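Peer 1: My file is protein-v9.cif. It has mmCIF, C-alpha atoms:
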```
data_structure
loop_
_atom_site.group_PDB
_atom_site.id
_atom_site.type_symbol
_atom_site.label_atom_id
_atom_site.label_comp_id
_atom_site.auth_asym_id
_atom_site.auth_seq_id
_atom_site.Cartn_x
_atom_site.Cartn_y
_atom_site.Cartn_z
ATOM 1 C CA MET A 1 -126.531 -52.930 -23.607
ATOM 2 C CA ARG A 2 -125.643 -50.366 -26.250
ATOM 3 C CA ARG A 3 -127.832 -49.710 -29.245
ATOM 4 C CA ILE A 4 -126.098 -49.322 -32.611
ATOM 5 C CA ALA A 5 -127.699 -48.134 -35.853
ATOM 6 C CA VAL A 6 -125.725 -48.752 -39.048
ATOM 7 C CA MET A 7 -126.780 -46.664 -42.040
ATOM 8 C CA GLY A 8 -126.053 -48.479 -45.272
ATOM 9 C CA GLU A 9 -126.261 -52.014 -46.549
ATOM 10 C CA ASN A 10 -122.591 -52.975 -46.408
ATOM 11 C CA THR A 11 -122.605 -56.522 -45.000
ATOM 12 C CA ASN A 12 -118.796 -56.726 -44.898
ATOM 13 C CA LEU A 13 -118.610 -53.663 -42.626
ATOM 14 C CA ILE A 14 -121.389 -54.974 -40.373
ATOM 15 C CA TYR A 15 -119.630 -58.365 -40.113
ATOM 16 C CA ILE A 16 -116.366 -56.716 -38.942
ATOM 17 C CA ILE A 17 -118.222 -54.579 -36.396
ATOM 18 C CA LYS A 18 -120.098 -57.583 -34.972
ATOM 19 C CA LYS A 19 -117.006 -59.813 -34.856
ATOM 20 C CA GLU A 20 -114.749 -57.273 -33.172
ATOM 21 C CA LEU A 21 -117.348 -56.008 -30.655
ATOM 22 C CA LEU A 22 -117.898 -59.632 -29.620
ATOM 23 C CA GLN A 23 -114.158 -60.107 -29.101
ATOM 24 C CA LEU A 24 -114.031 -56.896 -27.036
ATOM 25 C CA ASN A 25 -116.984 -58.148 -24.961
ATOM 26 C CA ILE A 26 -119.015 -55.010 -25.680
ATOM 27 C CA LYS A 27 -122.695 -55.849 -25.374
ATOM 28 C CA TYR A 28 -124.839 -54.298 -28.099
ATOM 29 C CA GLU A 29 -127.913 -54.706 -30.231
ATOM 30 C CA LEU A 30 -128.310 -53.581 -33.812
ATOM 31 C CA VAL A 31 -131.285 -51.262 -34.212
ATOM 32 C CA ASP A 32 -133.912 -52.008 -36.835
ATOM 33 C CA LEU A 33 -133.917 -49.001 -39.131
ATOM 34 C CA LYS A 34 -137.496 -49.648 -40.241
ATOM 35 C CA ASP A 35 -138.889 -48.192 -37.008
ATOM 36 C CA THR A 36 -140.479 -44.756 -37.346
ATOM 37 C CA GLU A 37 -138.355 -43.283 -34.570
ATOM 38 C CA ILE A 38 -134.936 -44.670 -33.698
ATOM 39 C CA VAL A 39 -132.919 -44.089 -30.545
ATOM 40 C CA ALA A 40 -129.333 -45.380 -30.483
ATOM 41 C CA ASP A 41 -126.133 -44.837 -28.565
ATOM 42 C CA TYR A 42 -124.083 -45.026 -31.759
ATOM 43 C CA VAL A 43 -125.272 -44.098 -35.249
ATOM 44 C CA ILE A 44 -122.825 -45.173 -37.925
ATOM 45 C CA ILE A 45 -123.228 -43.356 -41.224
ATOM 46 C CA ASN A 46 -120.885 -45.152 -43.587
ATOM 47 C CA GLU A 47 -122.526 -44.276 -46.886
ATOM 48 C CA GLU A 48 -125.344 -42.302 -48.498
ATOM 49 C CA THR A 49 -128.707 -43.596 -47.314
ATOM 50 C CA ASN A 50 -132.383 -42.943 -47.869
ATOM 51 C CA TYR A 51 -133.160 -42.890 -44.150
ATOM 52 C CA ASN A 52 -134.530 -39.692 -42.678
ATOM 53 C CA LEU A 53 -131.946 -38.655 -40.101
ATOM 54 C CA LYS A 54 -134.533 -36.453 -38.371
ATOM 55 C CA ASN A 55 -136.148 -39.664 -37.075
ATOM 56 C CA ILE A 56 -132.884 -40.928 -35.600
ATOM 57 C CA LYS A 57 -131.724 -39.771 -32.186
ATOM 58 C CA GLY A 58 -128.142 -40.701 -31.421
ATOM 59 C CA LEU A 59 -125.669 -39.951 -28.704
ATOM 60 C CA TYR A 60 -122.623 -40.393 -30.949
ATOM 61 C CA TYR A 61 -122.632 -40.184 -34.745
ATOM 62 C CA LEU A 62 -119.689 -41.817 -36.532
ATOM 63 C CA VAL A 63 -119.607 -40.392 -40.054
ATOM 64 C CA ASN A 64 -117.475 -41.702 -42.924
ATOM 65 C CA MET A 65 -116.086 -38.580 -44.552
ATOM 66 C CA ASP A 66 -114.794 -40.556 -47.543
ATOM 67 C CA SER A 67 -118.417 -41.083 -48.666
ATOM 68 C CA LYS A 68 -119.995 -38.648 -51.043
ATOM 69 C CA PHE A 69 -123.164 -37.341 -49.419
ATOM 70 C CA LYS A 70 -125.605 -35.660 -51.782
ATOM 71 C CA ASN A 71 -127.408 -33.768 -49.014
ATOM 72 C CA ASN A 72 -126.358 -32.125 -45.771
ATOM 73 C CA LEU A 73 -126.607 -34.635 -42.932
ATOM 74 C CA ASN A 74 -128.072 -32.179 -40.383
ATOM 75 C CA ILE A 75 -127.049 -34.125 -37.273
ATOM 76 C CA SER A 76 -127.342 -33.015 -33.665
ATOM 77 C CA GLY A 77 -125.153 -34.927 -31.231
ATOM 78 C CA ASN A 78 -121.516 -35.827 -30.798
ATOM 79 C CA VAL A 79 -120.076 -36.167 -34.305
ATOM 80 C CA ILE A 80 -116.920 -38.209 -34.830
ATOM 81 C CA THR A 81 -115.589 -38.248 -38.367
ATOM 82 C CA TYR A 82 -113.589 -41.161 -39.714
ATOM 83 C CA GLY A 83 -111.894 -41.984 -42.980
ATOM 84 C CA PHE A 84 -108.555 -41.691 -44.710
ATOM 85 C CA GLY A 85 -108.394 -37.880 -44.759
ATOM 86 C CA SER A 86 -105.905 -36.177 -42.464
ATOM 87 C CA LYS A 87 -108.552 -33.849 -40.967
ATOM 88 C CA ASN A 88 -110.834 -36.618 -39.629
ATOM 89 C CA THR A 89 -111.171 -37.281 -35.913
ATOM 90 C CA VAL A 90 -110.236 -40.918 -36.577
ATOM 91 C CA THR A 91 -107.987 -42.149 -39.358
ATOM 92 C CA LEU A 92 -105.237 -44.660 -40.019
ATOM 93 C CA SER A 93 -101.655 -43.491 -39.911
ATOM 94 C CA SER A 94 -100.530 -46.717 -41.572
ATOM 95 C CA ALA A 95 -102.079 -49.755 -43.252
ATOM 96 C CA GLU A 96 -99.983 -52.587 -44.675
ATOM 97 C CA ARG A 97 -102.081 -55.315 -46.293
ATOM 98 C CA ASP A 98 -99.198 -57.766 -46.806
ATOM 99 C CA GLU A 99 -98.004 -57.321 -43.226
ATOM 100 C CA ARG A 100 -101.556 -57.675 -41.759
ATOM 101 C CA TYR A 101 -100.948 -54.477 -39.829
ATOM 102 C CA LEU A 102 -102.615 -51.100 -39.411
ATOM 103 C CA VAL A 103 -102.313 -48.178 -37.016
ATOM 104 C CA TYR A 104 -105.510 -46.598 -35.669
ATOM 105 C CA CYS A 105 -105.093 -42.872 -35.018
ATOM 106 C CA LEU A 106 -107.359 -40.735 -32.804
ATOM 107 C CA GLN A 107 -106.398 -37.157 -33.700
ATOM 108 C CA ARG A 108 -108.519 -35.174 -31.224
ATOM 109 C CA TYR A 109 -109.643 -35.341 -27.638
ATOM 110 C CA MET A 110 -113.122 -36.728 -27.084
ATOM 111 C CA LYS A 111 -115.391 -37.402 -24.099
ATOM 112 C CA ASN A 112 -116.403 -41.006 -23.561
ATOM 113 C CA MET A 113 -119.604 -42.436 -22.068
ATOM 114 C CA CYS A 114 -118.203 -41.979 -18.543
ATOM 115 C CA GLU A 115 -117.435 -38.292 -19.259
ATOM 116 C CA ASN A 116 -113.689 -39.067 -19.152
ATOM 117 C CA THR A 117 -111.431 -37.449 -21.706
ATOM 118 C CA VAL A 118 -109.863 -39.786 -24.247
ATOM 119 C CA GLU A 119 -106.558 -38.358 -25.422
ATOM 120 C CA PRO A 120 -105.270 -38.520 -28.981
ATOM 121 C CA CYS A 121 -103.429 -41.791 -29.490
ATOM 122 C CA GLU A 122 -102.195 -44.337 -31.958
ATOM 123 C CA LEU A 123 -102.926 -48.028 -31.589
ATOM 124 C CA PRO A 124 -101.221 -50.729 -33.674
ATOM 125 C CA ILE A 125 -103.599 -53.477 -34.800
ATOM 126 C CA LYS A 126 -102.618 -56.859 -36.223
ATOM 127 C CA ARG A 127 -105.504 -57.787 -38.511
ATOM 128 C CA SER A 128 -105.794 -58.870 -42.101
ATOM 129 C CA PHE A 129 -107.941 -56.787 -44.409
ATOM 130 C CA ASN A 130 -109.023 -57.031 -48.019
ATOM 131 C CA ASN A 131 -110.705 -53.707 -48.657
ATOM 132 C CA ASN A 132 -111.449 -50.258 -47.296
ATOM 133 C CA ASN A 133 -114.730 -51.308 -45.704
ATOM 134 C CA GLU A 134 -112.860 -53.657 -43.392
ATOM 135 C CA LEU A 135 -110.538 -50.783 -42.455
ATOM 136 C CA TYR A 136 -113.567 -48.576 -41.764
ATOM 137 C CA GLY A 137 -114.925 -51.353 -39.547
ATOM 138 C CA TYR A 138 -111.741 -51.406 -37.474
ATOM 139 C CA MET A 139 -111.821 -47.617 -37.116
ATOM 140 C CA ILE A 140 -115.433 -47.774 -35.921
ATOM 141 C CA VAL A 141 -114.873 -50.607 -33.438
ATOM 142 C CA VAL A 142 -111.784 -49.085 -31.802
ATOM 143 C CA THR A 143 -113.594 -45.743 -31.520
ATOM 144 C CA ILE A 144 -116.591 -47.394 -29.860
ATOM 145 C CA ALA A 145 -114.259 -49.276 -27.501
ATOM 146 C CA LEU A 146 -112.570 -46.012 -26.470
ATOM 147 C CA LEU A 147 -115.974 -44.375 -25.995
ATOM 148 C CA GLU A 148 -116.989 -47.362 -23.856
ATOM 149 C CA ASN A 149 -113.980 -46.701 -21.621
ATOM 150 C CA VAL A 150 -112.065 -49.841 -22.605
ATOM 151 C CA ASP A 151 -108.509 -49.342 -21.406
ATOM 152 C CA ILE A 152 -106.013 -48.812 -24.228
ATOM 153 C CA ARG A 153 -103.731 -51.474 -22.720
ATOM 154 C CA SER A 154 -106.570 -53.986 -22.977
ATOM 155 C CA LEU A 155 -107.256 -52.911 -26.546
ATOM 156 C CA ASN A 156 -103.593 -53.320 -27.383
ATOM 157 C CA PHE A 157 -103.550 -56.820 -25.905
ATOM 158 C CA ILE A 158 -106.753 -57.898 -27.687
ATOM 159 C CA PHE A 159 -105.732 -56.532 -31.060
ATOM 160 C CA ASN A 160 -102.129 -57.695 -30.876
ATOM 161 C CA ASN A 161 -102.056 -60.579 -28.369
ATOM 162 C CA GLU A 162 -99.079 -59.025 -26.680
ATOM 163 C CA GLU A 163 -98.440 -56.351 -24.095
ATOM 164 C CA ILE A 164 -96.580 -53.408 -25.643
ATOM 165 C CA PHE A 165 -97.508 -50.770 -23.077
ATOM 166 C CA LYS A 166 -96.416 -51.357 -19.482
#
```
Could I get this structure in the form of structure tokens?
Peer 2:
Amino acid sequence: MRRIAVMGENTNLIYIIKKELLQLNIKYELVDLKDTEIVADYVIINEETNYNLKNIKGLYYLVNMDSKFKNNLNISGNVITYGFGSKNTVTLSSAERDERYLVYCLQRYMKNMCENTVEPCELPIKRSFNNNNELYGYMIVVTIALLENVDIRSLNFIFNNEEIFK
């Protein structure tokens, strides 16, 4: 079971993460951030927080680069940036609210939990969304799924209910 720490109080983002990880059958537990020392597989830093990052040990840090951080984050581990900027590791190459459609884009190679290389890719996703936090949630969940070695064909089927890749 993977341990996930979410920095920030955004309930909408946490709801999307929980819902989609359940659908992907990825077993996890959310870490209580009130502990004095926290160990997690995934540390999600979506917004500025008051938590002392020195007390948090993570394997992968997913950092929202659209947030304005007042201080340097000073993280040691595998950092994966996400957001709408073109230089992030993970971004969206398209998002159409009326069409209920977005395209997840991994722009760099990364090593997953099994030490396999995940190649840059784009993945169409049929989901409705109302705001940016829901889009951030989808970026986070697909990234975790790829890091968990979920096959991209399975991801495509789950997110689109159809087989595009053969």
Peer 1: Go through A:Asn74, A:Ile45, A:Ala145, A:Phe157 one by one, measure the shortest atom-to-atom distance of each to Met113 in chain A using only C-alpha atoms, and give the residue with the smallest value.
Peer 2: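 Smallest distance to Met113 in chain A is found for A:Ala145.
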Peer 1: Please determine, counting all atoms listed in the file, which residue among A:Glu96, A:Thr81, A:Leu147, A:Ile140 has the shortest atom-to-atom distance to Thr117 in chain A.
Peer 2: A:Leu147
Peer 1: Between A:Leu73, A:Leu102, A:Ala5, A:Ile26, which one has atoms that come closest to Ala40 in chain A, using only C-alpha atoms?
Peer 2: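 Smallest separation from Ala40 in chain A among the options: A:Ala5.
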Peer 1: Find the residues around range 28-31 of chain A up to 10 Å (all atoms listed in the file counted), leave out those fewer than 2 positions away in its own chain, and share them as a PyMOL selection string.
Peer 2: chain A and resi 1-6+14+18+21-22+25-26+33-35+38-43
Peer 1: Mind listing as a PyMOL selection string all residues within 9 Å of (-110.2, -44.8, -51.3), counting all atoms listed in the file?
Peer 2: chain A and resi 66+83-84+132
Peer 1: One decimal, Å: what's the distance from CA of Pro124 in chain A over to CA of Asn12 in chain A, could you say?
Peer 2: 21.7 Å
Peer 1: Evaluate the PyMOL selection byres ((chain A and resi 79) around 10) against this structure - the residues, as a short mmCIF file (atom, residue, chain, number, x, y, z; two decimals) with C-alpha atoms, in the coordinates of the input, please.
Peer 2:
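Written out: expr23.cif:
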```
data_model
loop_
_atom_site.label_atom_id
_atom_site.label_comp_id
_atom_site.auth_asym_id
_atom_site.auth_seq_id
_atom_site.Cartn_x
_atom_site.Cartn_y
_atom_site.Cartn_z
CA VAL A 43 -125.27 -44.10 -35.25
CA GLY A 58 -128.14 -40.70 -31.42
CA LEU A 59 -125.67 -39.95 -28.70
CA TYR A 60 -122.62 -40.39 -30.95
CA TYR A 61 -122.63 -40.18 -34.74
CA LEU A 62 -119.69 -41.82 -36.53
CA VAL A 63 -119.61 -40.39 -40.05
CA ILE A 75 -127.05 -34.12 -37.27
CA SER A 76 -127.34 -33.02 -33.66
CA GLY A 77 -125.15 -34.93 -31.23
CA ASN A 78 -121.52 -35.83 -30.80
CA ILE A 80 -116.92 -38.21 -34.83
CA THR A 81 -115.59 -38.25 -38.37
CA TYR A 82 -113.59 -41.16 -39.71
CA THR A 89 -111.17 -37.28 -35.91
#
```
Peer 1: Please report the interatomic distance between CA of Leu106 in chain A and CA of Asn160 in chain A in Å with one decimal.
Peer 2: 17.9 Å
Peer 1: Choose the residue, out of A:Arg153, A:Lys57, A:Arg127, A:Arg108, that has the smallest atom-to-atom separation from Thr91 in chain A; count all atoms listed in the file.
Peer 2: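 Using all atoms listed in the file, Thr91 in chain A sits closest to A:Arg108.
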Peer 1: Hey, can you check how far CA of Val90 in chain A sits from CA of Met139 in chain A?
Peer 2: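 A separation of 6.9 Å between them.
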Peer 1: Measuring between all atoms listed in the file, which one of A:Val142, A:Met110, A:Ile16, A:Leu53 shows the shortest distance to Asn156 in chain A?
Peer 2: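 Closest residue, counting all atoms listed in the file: A:Val142.
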Peer 1: On this file, the PyMOL selection byres ((chain A and resi 123) around 8) gives some set of residues; write that set as a count of residues only.
Peer 2: 8
